[in-house]
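Trainee: Okay, so here is protein.pdb, and as you'll see once you scroll down, it has PDB, C-alpha atoms.
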```
MODEL        1
ATOM      1  CA  MET J   1      28.484   8.863 -19.240
ATOM      2  CA  PHE J   2      31.260   8.182 -21.740
ATOM      3  CA  MET J   3      30.543   6.203 -24.893
ATOM      4  CA  LYS J   4      33.774   4.250 -24.626
ATOM      5  CA  ASP J   5      32.650   2.786 -21.285
ATOM      6  CA  MET J   6      29.345   1.531 -22.705
ATOM      7  CA  ASN J   7      28.512  -1.965 -23.830
ATOM      8  CA  CYS J   8      25.534  -3.123 -25.893
ATOM      9  CA  GLU J   9      23.347  -3.639 -22.833
ATOM     10  CA  ASP J  10      23.973  -0.087 -21.623
ATOM     11  CA  ILE J  11      23.039   1.233 -25.062
ATOM     12  CA  LEU J  12      19.848  -0.857 -25.044
ATOM     13  CA  ILE J  13      18.874   0.431 -21.595
ATOM     14  CA  GLN J  14      19.391   3.999 -22.764
ATOM     15  CA  LYS J  15      17.459   3.409 -25.966
ATOM     16  CA  SER J  16      14.574   1.794 -24.100
ATOM     17  CA  ALA J  17      14.254   4.956 -21.985
ATOM     18  CA  LEU J  18      14.006   7.027 -25.171
ATOM     19  CA  ILE J  19      11.349   4.662 -26.587
ATOM     20  CA  ASP J  20       9.442   5.115 -23.330
ATOM     21  CA  GLY J  21       9.532   8.867 -23.929
ATOM     22  CA  GLU J  22      11.947   9.421 -21.053
ATOM     23  CA  LYS J  23      15.218  11.267 -20.837
ATOM     24  CA  ALA J  24      18.299   9.087 -21.321
ATOM     25  CA  GLU J  25      21.847   9.764 -20.249
ATOM     26  CA  LEU J  26      22.959   9.550 -23.889
ATOM     27  CA  SER J  27      21.623  11.535 -26.797
ATOM     28  CA  ASP J  28      19.831   9.984 -29.752
ATOM     29  CA  GLU J  29      22.893  10.722 -31.902
ATOM     30  CA  GLN J  30      25.245   8.871 -29.558
ATOM     31  CA  ILE J  31      22.945   5.852 -29.450
ATOM     32  CA  ASN J  32      22.434   5.863 -33.206
ATOM     33  CA  ALA J  33      26.187   5.990 -33.741
ATOM     34  CA  HIS J  34      26.462   2.703 -31.839
ATOM     35  CA  LEU J  35      23.471   1.154 -33.591
ATOM     36  CA  ALA J  36      24.882   1.951 -37.027
ATOM     37  CA  ASP J  37      27.657  -0.539 -36.311
ATOM     38  CA  CYS J  38      25.732  -3.107 -34.225
ATOM     39  CA  GLU J  39      23.292  -5.420 -35.975
ATOM     40  CA  THR J  40      22.531  -7.359 -32.739
ATOM     41  CA  CYS J  41      21.415  -4.218 -30.937
ATOM     42  CA  ARG J  42      19.255  -3.165 -33.899
ATOM     43  CA  GLN J  43      17.443  -6.528 -33.797
ATOM     44  CA  GLN J  44      16.948  -6.338 -30.059
ATOM     45  CA  ILE J  45      15.544  -2.828 -30.310
ATOM     46  CA  GLU J  46      13.050  -3.967 -32.913
ATOM     47  CA  GLN J  47      11.850  -6.741 -30.577
ATOM     48  CA  MET J  48      11.738  -4.319 -27.655
ATOM     49  CA  GLU J  49       9.639  -1.850 -29.672
ATOM     50  CA  ASN J  50       7.190  -4.634 -30.552
ATOM     51  CA  THR J  51       6.815  -5.537 -26.878
ATOM     52  CA  ILE J  52       6.307  -1.903 -25.899
ATOM     53  CA  VAL J  53       3.674  -1.420 -28.617
ATOM     54  CA  LEU J  54       1.885  -4.546 -27.389
ATOM     55  CA  LEU J  55       1.962  -3.330 -23.788
ATOM     56  CA  ARG J  56       0.784   0.161 -24.657
ATOM     57  CA  ARG J  57      -2.315  -1.251 -26.323
ATOM     58  CA  GLN J  58      -3.451  -2.837 -23.064
ATOM     59  CA  LYS J  59      -5.620  -1.498 -20.286
ATOM     60  CA  ARG J  60      -5.843  -2.714 -16.729
ATOM     61  CA  ARG J  61      -8.990  -4.609 -15.865
ATOM     62  CA  GLU J  62     -10.990  -2.572 -13.342
ATOM     63  CA  GLN J  63     -10.961  -4.353 -10.022
ATOM     64  CA  GLU J  64     -14.266  -4.075  -8.234
ATOM     65  CA  ALA J  65     -13.762  -2.953  -4.700
ATOM     66  CA  ASP J  66     -15.983  -1.664  -1.961
ATOM     67  CA  LEU J  67     -13.759  -1.871   1.038
ATOM     68  CA  TRP J  68     -14.979   0.948   3.254
ATOM     69  CA  SER J  69     -17.263  -1.031   5.591
ATOM     70  CA  ALA J  70     -14.558  -3.643   6.221
ATOM     71  CA  ILE J  71     -11.924  -0.940   6.719
ATOM     72  CA  GLU J  72     -14.159   1.044   9.055
ATOM     73  CA  ALA J  73     -14.808  -2.055  11.176
ATOM     74  CA  ARG J  74     -11.062  -2.752  11.333
ATOM     75  CA  ILE J  75     -10.255   0.847  12.301
ATOM     76  CA  ASP J  76     -12.867   0.724  15.077
ATOM     77  CA  ALA J  77     -11.605  -2.624  16.347
ATOM     78  CA  GLU J  78      -7.964  -1.512  16.291
ATOM     79  CA  SER J  79      -8.643   1.814  17.992
ATOM     80  CA  LYS J  80     -10.561   0.020  20.725
ATOM     81  CA  ALA J  81      -7.766  -2.493  21.160
ATOM     82  CA  VAL J  82      -4.996   0.091  21.363
ATOM     83  CA  SER J  83      -6.790   2.915  23.182
ATOM     84  CA  PRO J  84      -4.437   3.773  26.035
ATOM     85  CA  LEU J  85      -5.806   3.549  29.574
ATOM     86  CA  ASN J  86      -6.686   6.988  30.846
ATOM     87  CA  TRP J  87      -4.423   7.413  33.888
ATOM     88  CA  GLN J  88      -5.707  10.780  35.158
ATOM     89  CA  PRO J  89      -8.842   9.455  36.932
ATOM     90  CA  PHE J  90      -6.685   6.994  38.856
ATOM     91  CA  VAL J  91      -4.327   9.748  40.008
ATOM     92  CA  LEU J  92      -7.306  11.901  41.015
ATOM     93  CA  LEU J  93      -8.812   9.007  42.950
ATOM     94  CA  GLY J  94      -5.484   8.420  44.704
ATOM     95  CA  VAL J  95      -5.271  12.081  45.727
ATOM     96  CA  PHE J  96      -8.849  12.033  47.062
ATOM     97  CA  LEU J  97      -8.183   8.866  49.048
ATOM     98  CA  VAL J  98      -5.022  10.318  50.593
ATOM     99  CA  ILE J  99      -6.904  13.498  51.568
ATOM    100  CA  TYR J 100      -9.670  11.335  52.972
ATOM    101  CA  LYS J 101      -7.188   9.321  55.034
ATOM    102  CA  LEU J 102      -5.590  12.522  56.367
ATOM    103  CA  LEU J 103      -9.010  13.895  57.353
ATOM    104  CA  GLU J 104      -9.757  10.613  59.083
ATOM    105  CA  MET J 105      -6.525  10.892  61.069
ATOM    106  CA  LEU J 106      -7.308  14.362  62.399
ATOM    107  CA  PRO J 107      -7.680  14.173  66.181
ATOM    108  CA  GLU J 108     -10.912  15.019  68.014
ATOM    109  CA  ARG J 109     -13.028  14.280  65.031
ATOM    110  CA  ALA J 110     -15.444  11.476  64.889
ATOM    111  CA  PRO J 111     -16.254  10.844  61.256
ATOM    112  CA  GLY J 112     -19.837   9.901  60.784
ATOM    113  CA  TRP J 113     -21.019   7.004  58.604
ATOM    114  CA  ALA J 114     -21.444   9.403  55.664
ATOM    115  CA  LEU J 115     -17.720  10.092  55.559
ATOM    116  CA  ARG J 116     -16.934   6.370  55.751
ATOM    117  CA  VAL J 117     -18.750   5.633  52.504
ATOM    118  CA  VAL J 118     -16.797   8.336  50.628
ATOM    119  CA  PRO J 119     -14.082   5.917  49.330
ATOM    120  CA  PHE J 120     -16.752   3.555  47.979
ATOM    121  CA  ILE J 121     -18.522   6.438  46.232
ATOM    122  CA  LEU J 122     -15.235   7.574  44.705
ATOM    123  CA  ILE J 123     -14.460   4.097  43.371
ATOM    124  CA  ALA J 124     -17.996   3.732  41.996
ATOM    125  CA  VAL J 125     -17.635   7.129  40.268
ATOM    126  CA  LEU J 126     -14.358   5.953  38.725
ATOM    127  CA  PHE J 127     -15.955   2.812  37.298
ATOM    128  CA  GLY J 128     -18.856   4.900  36.033
ATOM    129  CA  PHE J 129     -16.455   7.318  34.383
ATOM    130  CA  LEU J 130     -14.553   4.464  32.698
ATOM    131  CA  LYS J 131     -17.863   2.849  31.650
ATOM    132  CA  GLU J 132     -16.724  -0.420  33.139
ATOM    133  CA  ASN J 133     -18.829  -2.904  35.052
ATOM    134  CA  PRO J 134     -16.635  -4.538  37.720
ATOM    135  CA  PHE J 135     -19.155  -7.357  38.172
ATOM    136  CA  LYS J 136     -19.318  -8.324  34.523
ATOM    137  CA  ILE J 137     -17.605 -11.599  33.695
ATOM    138  CA  ASN J 138     -15.398 -11.400  30.608
ATOM    139  CA  SER J 139     -16.483 -14.403  28.563
ATOM    140  CA  GLU J 140     -13.270 -14.264  26.533
ATOM    141  CA  LEU J 141     -11.315 -15.134  29.650
ATOM    142  CA  ILE J 142     -13.334 -18.245  30.436
ATOM    143  CA  LEU J 143     -11.489 -21.338  29.371
ATOM    144  CA  GLU J 144     -13.437 -23.666  27.128
ATOM    145  CA  LYS J 145     -14.161 -27.042  28.648
TER
ATOM    146  CA  MET S   1     -14.180  17.646  -5.125
ATOM    147  CA  MET S   2     -12.286  17.788  -1.868
ATOM    148  CA  ASP S   3      -8.547  17.360  -2.272
ATOM    149  CA  ASP S   4      -6.556  14.716  -0.440
ATOM    150  CA  SER S   5      -4.835  17.098   1.979
ATOM    151  CA  ALA S   6      -8.193  18.589   3.081
ATOM    152  CA  ILE S   7      -9.530  15.069   3.684
ATOM    153  CA  ILE S   8      -6.443  14.122   5.681
ATOM    154  CA  GLU S   9      -6.758  17.286   7.739
ATOM    155  CA  ARG S  10     -10.342  16.314   8.594
ATOM    156  CA  CYS S  11      -9.239  12.791   9.506
ATOM    157  CA  LEU S  12      -6.575  14.195  11.817
ATOM    158  CA  LYS S  13      -9.233  16.279  13.540
ATOM    159  CA  GLY S  14     -10.941  13.001  14.427
ATOM    160  CA  GLU S  15     -13.403  12.703  11.542
ATOM    161  CA  LYS S  16     -12.993   9.040  10.770
ATOM    162  CA  GLU S  17     -15.778   9.219   8.198
ATOM    163  CA  ALA S  18     -13.656  11.595   6.057
ATOM    164  CA  PHE S  19     -11.209   8.744   5.462
ATOM    165  CA  ARG S  20     -13.965   7.080   3.479
ATOM    166  CA  PHE S  21     -13.420   9.616   0.677
ATOM    167  CA  LEU S  22      -9.791   8.546   0.380
ATOM    168  CA  VAL S  23     -10.701   4.858   0.432
ATOM    169  CA  GLU S  24     -13.335   5.319  -2.240
ATOM    170  CA  ARG S  25     -11.028   7.469  -4.343
ATOM    171  CA  TYR S  26      -8.128   5.031  -4.394
ATOM    172  CA  GLN S  27      -9.481   1.562  -3.599
ATOM    173  CA  ALA S  28      -9.888   0.356  -7.206
ATOM    174  CA  GLN S  29      -6.420   1.590  -8.148
ATOM    175  CA  ALA S  30      -4.940   0.085  -5.001
ATOM    176  CA  VAL S  31      -6.589  -3.308  -5.514
ATOM    177  CA  GLY S  32      -5.347  -3.219  -9.124
ATOM    178  CA  HIS S  33      -1.809  -2.563  -7.920
ATOM    179  CA  SER S  34      -1.840  -5.205  -5.225
ATOM    180  CA  PHE S  35      -3.370  -7.647  -7.715
ATOM    181  CA  ALA S  36      -0.443  -6.920 -10.053
ATOM    182  CA  ILE S  37       1.916  -8.044  -7.284
ATOM    183  CA  LEU S  38      -0.087 -10.859  -5.710
ATOM    184  CA  ALA S  39      -1.969 -12.188  -8.743
ATOM    185  CA  ASN S  40      -4.784 -13.276  -6.457
ATOM    186  CA  ARG S  41      -7.948 -11.220  -6.070
ATOM    187  CA  GLU S  42      -8.793 -12.228  -2.516
ATOM    188  CA  ASP S  43      -5.239 -11.571  -1.313
ATOM    189  CA  ALA S  44      -5.190  -8.263  -3.190
ATOM    190  CA  ARG S  45      -8.327  -7.115  -1.387
ATOM    191  CA  ASP S  46      -6.976  -8.237   1.999
ATOM    192  CA  ALA S  47      -3.646  -6.486   1.469
ATOM    193  CA  THR S  48      -5.385  -3.306   0.301
ATOM    194  CA  GLN S  49      -7.695  -3.331   3.291
ATOM    195  CA  GLU S  50      -4.768  -3.771   5.685
ATOM    196  CA  ALA S  51      -2.836  -1.010   3.922
ATOM    197  CA  PHE S  52      -5.735   1.439   4.317
ATOM    198  CA  VAL S  53      -5.957   0.623   8.025
ATOM    199  CA  ASP S  54      -2.186   1.185   8.293
ATOM    200  CA  ALA S  55      -2.567   4.468   6.425
ATOM    201  CA  PHE S  56      -5.322   5.663   8.747
ATOM    202  CA  GLN S  57      -3.221   4.869  11.794
ATOM    203  CA  SER S  58      -0.128   6.552  10.324
ATOM    204  CA  LEU S  59      -1.814   9.706   9.014
ATOM    205  CA  LYS S  60      -0.071  11.774  11.689
ATOM    206  CA  LYS S  61       3.241  10.882  10.040
ATOM    207  CA  PHE S  62       2.026  11.904   6.577
ATOM    208  CA  ASP S  63       3.805  14.930   5.142
ATOM    209  CA  PRO S  64       1.050  17.139   3.633
ATOM    210  CA  ALA S  65       3.576  18.495   1.137
ATOM    211  CA  ARG S  66       3.591  15.063  -0.512
ATOM    212  CA  ARG S  67       0.880  13.396  -2.561
ATOM    213  CA  PHE S  68      -1.181  10.798  -0.753
ATOM    214  CA  TYR S  69      -1.036   7.896  -3.201
ATOM    215  CA  PRO S  70       2.768   7.503  -3.522
ATOM    216  CA  TRP S  71       2.957   7.534   0.285
ATOM    217  CA  PHE S  72       0.134   5.005   0.495
ATOM    218  CA  TYR S  73       1.698   2.822  -2.205
ATOM    219  CA  VAL S  74       4.709   2.159   0.058
ATOM    220  CA  LEU S  75       2.333   0.864   2.754
ATOM    221  CA  LEU S  76       0.406  -1.156   0.184
ATOM    222  CA  ARG S  77       3.555  -2.773  -1.177
ATOM    223  CA  HIS S  78       4.719  -3.568   2.332
ATOM    224  CA  ARG S  79       1.407  -5.302   3.043
ATOM    225  CA  CYS S  80       1.578  -7.267  -0.227
ATOM    226  CA  TYR S  81       5.076  -8.572   0.470
ATOM    227  CA  LYS S  82       4.167  -9.327   4.065
ATOM    228  CA  LEU S  83       1.273 -11.436   2.805
ATOM    229  CA  ILE S  84       3.574 -13.200   0.349
ATOM    230  CA  ALA S  85       6.006 -14.025   3.149
ATOM    231  CA  LYS S  86       3.134 -15.351   5.255
ATOM    232  CA  LYS S  87       1.751 -17.514   2.466
ATOM    233  CA  ARG S  88       5.089 -18.640   1.077
ATOM    234  CA  GLU S  89       4.178 -22.316   1.351
ATOM    235  CA  ALA S  90       0.934 -22.059  -0.544
ATOM    236  CA  GLN S  91       1.175 -19.415  -3.232
ATOM    237  CA  ASN S  92      -1.882 -19.289  -5.353
ATOM    238  CA  ILE S  93      -1.625 -17.555  -8.704
ATOM    239  CA  GLU S  94      -5.001 -17.043 -10.301
ATOM    240  CA  ASP S  95      -5.936 -17.298 -13.935
ATOM    241  CA  ALA S  96      -5.487 -14.277 -16.149
ATOM    242  CA  GLU S  97      -7.399 -11.261 -14.840
ATOM    243  CA  ILE S  98      -5.020  -8.310 -15.089
ATOM    244  CA  LEU S  99      -5.883  -6.975 -18.533
ATOM    245  CA  ALA S 100      -9.213  -5.689 -19.763
ATOM    246  CA  PRO S 101     -10.583  -6.742 -23.158
ATOM    247  CA  GLN S 102      -9.869  -3.999 -25.692
ATOM    248  CA  ALA S 103     -11.181  -3.178 -29.121
ATOM    249  CA  GLY S 104      -8.381  -3.905 -31.580
ATOM    250  CA  VAL S 105      -6.653  -6.410 -29.285
ATOM    251  CA  SER S 106      -7.468 -10.032 -30.001
ATOM    252  CA  GLY S 107      -8.482 -12.270 -27.109
ATOM    253  CA  GLU S 108      -5.652 -14.638 -27.991
ATOM    254  CA  GLU S 109      -3.099 -11.847 -27.840
ATOM    255  CA  ARG S 110      -4.411 -10.594 -24.509
ATOM    256  CA  ILE S 111      -4.483 -14.046 -22.911
ATOM    257  CA  ALA S 112      -0.937 -14.805 -24.093
ATOM    258  CA  LEU S 113       0.270 -11.517 -22.629
ATOM    259  CA  GLU S 114      -1.610 -12.175 -19.385
ATOM    260  CA  LYS S 115       0.055 -15.566 -19.068
ATOM    261  CA  ALA S 116       3.454 -14.075 -19.808
ATOM    262  CA  LEU S 117       2.874 -11.350 -17.195
ATOM    263  CA  LEU S 118       1.763 -13.884 -14.601
ATOM    264  CA  SER S 119       4.840 -15.995 -15.211
ATOM    265  CA  LEU S 120       7.150 -13.054 -14.441
ATOM    266  CA  SER S 121       8.561 -12.441 -10.985
ATOM    267  CA  ARG S 122       6.372 -10.202  -8.814
ATOM    268  CA  GLU S 123       8.891  -7.365  -9.000
ATOM    269  CA  ASP S 124       9.061  -7.518 -12.809
ATOM    270  CA  ARG S 125       5.284  -7.710 -13.121
ATOM    271  CA  GLU S 126       4.862  -4.791 -10.740
ATOM    272  CA  ILE S 127       7.209  -2.436 -12.591
ATOM    273  CA  ILE S 128       5.720  -3.308 -15.994
ATOM    274  CA  ASN S 129       2.259  -2.651 -14.606
ATOM    275  CA  LEU S 130       3.276   0.713 -13.219
ATOM    276  CA  LYS S 131       4.863   1.782 -16.478
ATOM    277  CA  TYR S 132       2.482   0.471 -19.113
ATOM    278  CA  LEU S 133      -0.879   0.001 -17.415
ATOM    279  CA  ASP S 134      -0.722   3.064 -15.179
ATOM    280  CA  GLY S 135       1.456   5.145 -17.466
ATOM    281  CA  PHE S 136       3.671   6.426 -14.645
ATOM    282  CA  SER S 137       6.892   8.164 -15.611
ATOM    283  CA  TYR S 138      10.288   6.852 -14.479
ATOM    284  CA  ASP S 139      10.407   9.584 -11.837
ATOM    285  CA  GLU S 140       6.985   8.633 -10.508
ATOM    286  CA  ILE S 141       7.924   4.939 -10.398
ATOM    287  CA  ALA S 142      11.134   5.868  -8.575
ATOM    288  CA  GLU S 143       9.010   7.696  -6.000
ATOM    289  CA  LEU S 144       6.575   4.787  -5.634
ATOM    290  CA  LEU S 145       9.248   2.114  -5.305
ATOM    291  CA  LYS S 146      11.712   4.281  -3.386
ATOM    292  CA  ILE S 147      14.558   3.521  -5.776
ATOM    293  CA  PRO S 148      16.737   5.809  -7.926
ATOM    294  CA  ARG S 149      15.560   6.706 -11.430
ATOM    295  CA  GLY S 150      18.527   4.865 -12.979
ATOM    296  CA  THR S 151      17.440   1.680 -11.198
ATOM    297  CA  VAL S 152      13.913   2.106 -12.599
ATOM    298  CA  MET S 153      15.420   2.374 -16.072
ATOM    299  CA  SER S 154      17.471  -0.812 -15.769
ATOM    300  CA  ARG S 155      14.864  -2.823 -13.831
ATOM    301  CA  LEU S 156      12.259  -1.975 -16.422
ATOM    302  CA  PHE S 157      14.645  -2.969 -19.194
ATOM    303  CA  TYR S 158      15.305  -6.409 -17.665
ATOM    304  CA  ALA S 159      11.646  -6.943 -16.788
ATOM    305  CA  ARG S 160      10.640  -6.175 -20.359
ATOM    306  CA  LYS S 161      13.372  -8.487 -21.627
ATOM    307  CA  GLN S 162      11.950 -11.288 -19.494
ATOM    308  CA  LEU S 163       8.485 -10.588 -20.814
ATOM    309  CA  GLN S 164       9.822 -10.510 -24.349
ATOM    310  CA  ALA S 165      11.439 -13.919 -23.808
ATOM    311  CA  LYS S 166       8.119 -15.365 -22.612
ATOM    312  CA  LEU S 167       6.312 -13.910 -25.595
ATOM    313  CA  THR S 168       8.873 -14.786 -28.263
ATOM    314  CA  GLY S 169       7.404 -16.927 -30.953
ATOM    315  CA  LYS S 170       3.860 -15.818 -30.165
ATOM    316  CA  PHE S 171       3.445 -12.342 -31.575
ATOM    317  CA  HIS S 172       6.888 -11.304 -32.782
TER
ENDMDL
END
```
Please lay out the structure from this file as structure tokens.
Mentor:
Amino acid sequence: MFMKDMNCEDILIQKSALIDGEKAELSDEQINAHLADCETCRQQIEQMENTIVLLRRQKRREQEADLWSAIEARIDAESKAVSPLNWQPFVLLGVFLVIYKLLEMLPERAPGWALRVVPFILIAVLFGFLKENPFKINSELILEK
Amino acid sequence: MMDDSAIIERCLKGEKEAFRFLVERYQAQAVGHSFAILANREDARDATQEAFVDAFQSLKKFDPARRFYPWFYVLLRHRCYKLIAKKREAQNIEDAEILAPQAGVSGEERIALEKALLSLSREDREIINLKYLDGFSYDEIAELLKIPRGTVMSRLFYARKQLQAKLTGKFH
């Protein structure tokens, strides 16, 4: 950064970085050269230093927080809400039902009653696997009167 | 003490309970930061809670080469500003509660500074908090706010100037 391009505000920004203990784009000497000729900047720096001293003497008030139980409940609720439907059991059931249908279509075979209940058993197993009760009424879906 | 990356690794293996260590490690700091932006304790707690849930759900995207808190701070800030946008009609700034009583700092001085801080814009209050109450360097603030270091330098300068203007005539 060239000195000739700098105005008072630029000098003040650079000086404030030095007061904060940070690296500035200008050296102390360059800034002081400007300040030697600029009373306004000198006054502003004095005010700025007072503000910084005041701020440095402060401490943040500890905020009491015990958020884990609320966060845990939210994580559980969200994961339940977004858990994707497991599609594999449905595909497996479909395959079994197709095989069953093909077996049923084979000529010269009279499937007994045991074979006829196979689809119902498969569907019951699927519901069991998904831990879903097909007869349970979802109270959230009942419209309030 | 287990480091953050080890905790995150455990969380990614499905140990939800491990996330508790991160929450307990950073919750006070996070509520302090969101309070600095929102100036309302209840909102600060809500935003922090939401940010932790966001963090848990985004842990897969976390780069273990980075530190946890600067990454989390971006989520926290996002939640704070989202809450502000939601509550735009009814903003509720609480009474002074940011600064702790200190030996050698008069109550009058602290309250005046609190009021001046609370009257600043949220962005100005946030950057002053990060610099002077947390003691972060310009580089660290640049990382937290995702802005260049030069912008930190100038934003801090103007924020401090605003604060100075509010305080003028009180302690200078």
Trainee: I would like the residues chosen by the PyMOL selection byres ((chain S and resi 3) around 12) on the shown file; could you give them as a tab-separated table (two decimals) with C-alpha atoms, in the frame of the given file?
Mentor:
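Result file follows (selection-v2.tsv):
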```tsv
chain	number	residue	atom	x	y	z
S	1	MET	CA	-14.18	17.65	-5.12
S	2	MET	CA	-12.29	17.79	-1.87
S	4	ASP	CA	-6.56	14.72	-0.44
S	5	SER	CA	-4.84	17.10	1.98
S	6	ALA	CA	-8.19	18.59	3.08
S	7	ILE	CA	-9.53	15.07	3.68
S	8	ILE	CA	-6.44	14.12	5.68
S	9	GLU	CA	-6.76	17.29	7.74
S	10	ARG	CA	-10.34	16.31	8.59
S	18	ALA	CA	-13.66	11.60	6.06
S	19	PHE	CA	-11.21	8.74	5.46
S	21	PHE	CA	-13.42	9.62	0.68
S	22	LEU	CA	-9.79	8.55	0.38
S	25	ARG	CA	-11.03	7.47	-4.34
S	64	PRO	CA	1.05	17.14	3.63
S	67	ARG	CA	0.88	13.40	-2.56
S	68	PHE	CA	-1.18	10.80	-0.75
```
Trainee: For chain S, report every residue with an atom at most 6 Å from chain J (counting only C-alpha atoms), formatted as a list of chain:residue names.
Mentor: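 Only these qualify: S:Ala28, S:Gly32, S:Gln49, S:Ile98, S:Leu99, S:Ala100, S:Tyr132, S:Leu133, S:Phe157.
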Trainee: Take the PyMOL selection byres ((chain S and resi 165) around 12), run it mentally on this structure, and tell me the resulting residues as a PyMOL selection string.
Mentor: (chain J and resi 44+47-48+51) or (chain S and resi 113+116-117+119-120+158-164+166-172)
Trainee: Separation of CA of Pro134 in chain J and CA of Tyr100 in chain J, in Å?
Mentor: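 We find that CA of Pro134 in chain J and CA of Tyr100 in chain J lie 23.1 Å from each other.
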Trainee: Could you name the residues that touch Phe56 in chain S at 9 Å or less, counting only C-alpha atoms, but leaving out those on the same chain fewer than 3 positions away, as a ChimeraX atom specification?
Mentor: /J:75 /S:11,16,19,51-53,59-60
Trainee: Quick one: which residues end up in the PyMOL selection byres ((chain J and resi 26-35) around 8) for this structure, as an MDAnalysis selection string?
Mentor: chainID J and resid 1 3 11 14:15 18 24:25 36:39 41:42
Trainee: Provide the CA of Ala114 in chain J to CA of Leu102 in chain J distance in Å, to one decimal place.
Mentor: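 Computing it gives 16.2 Å between the two atoms.
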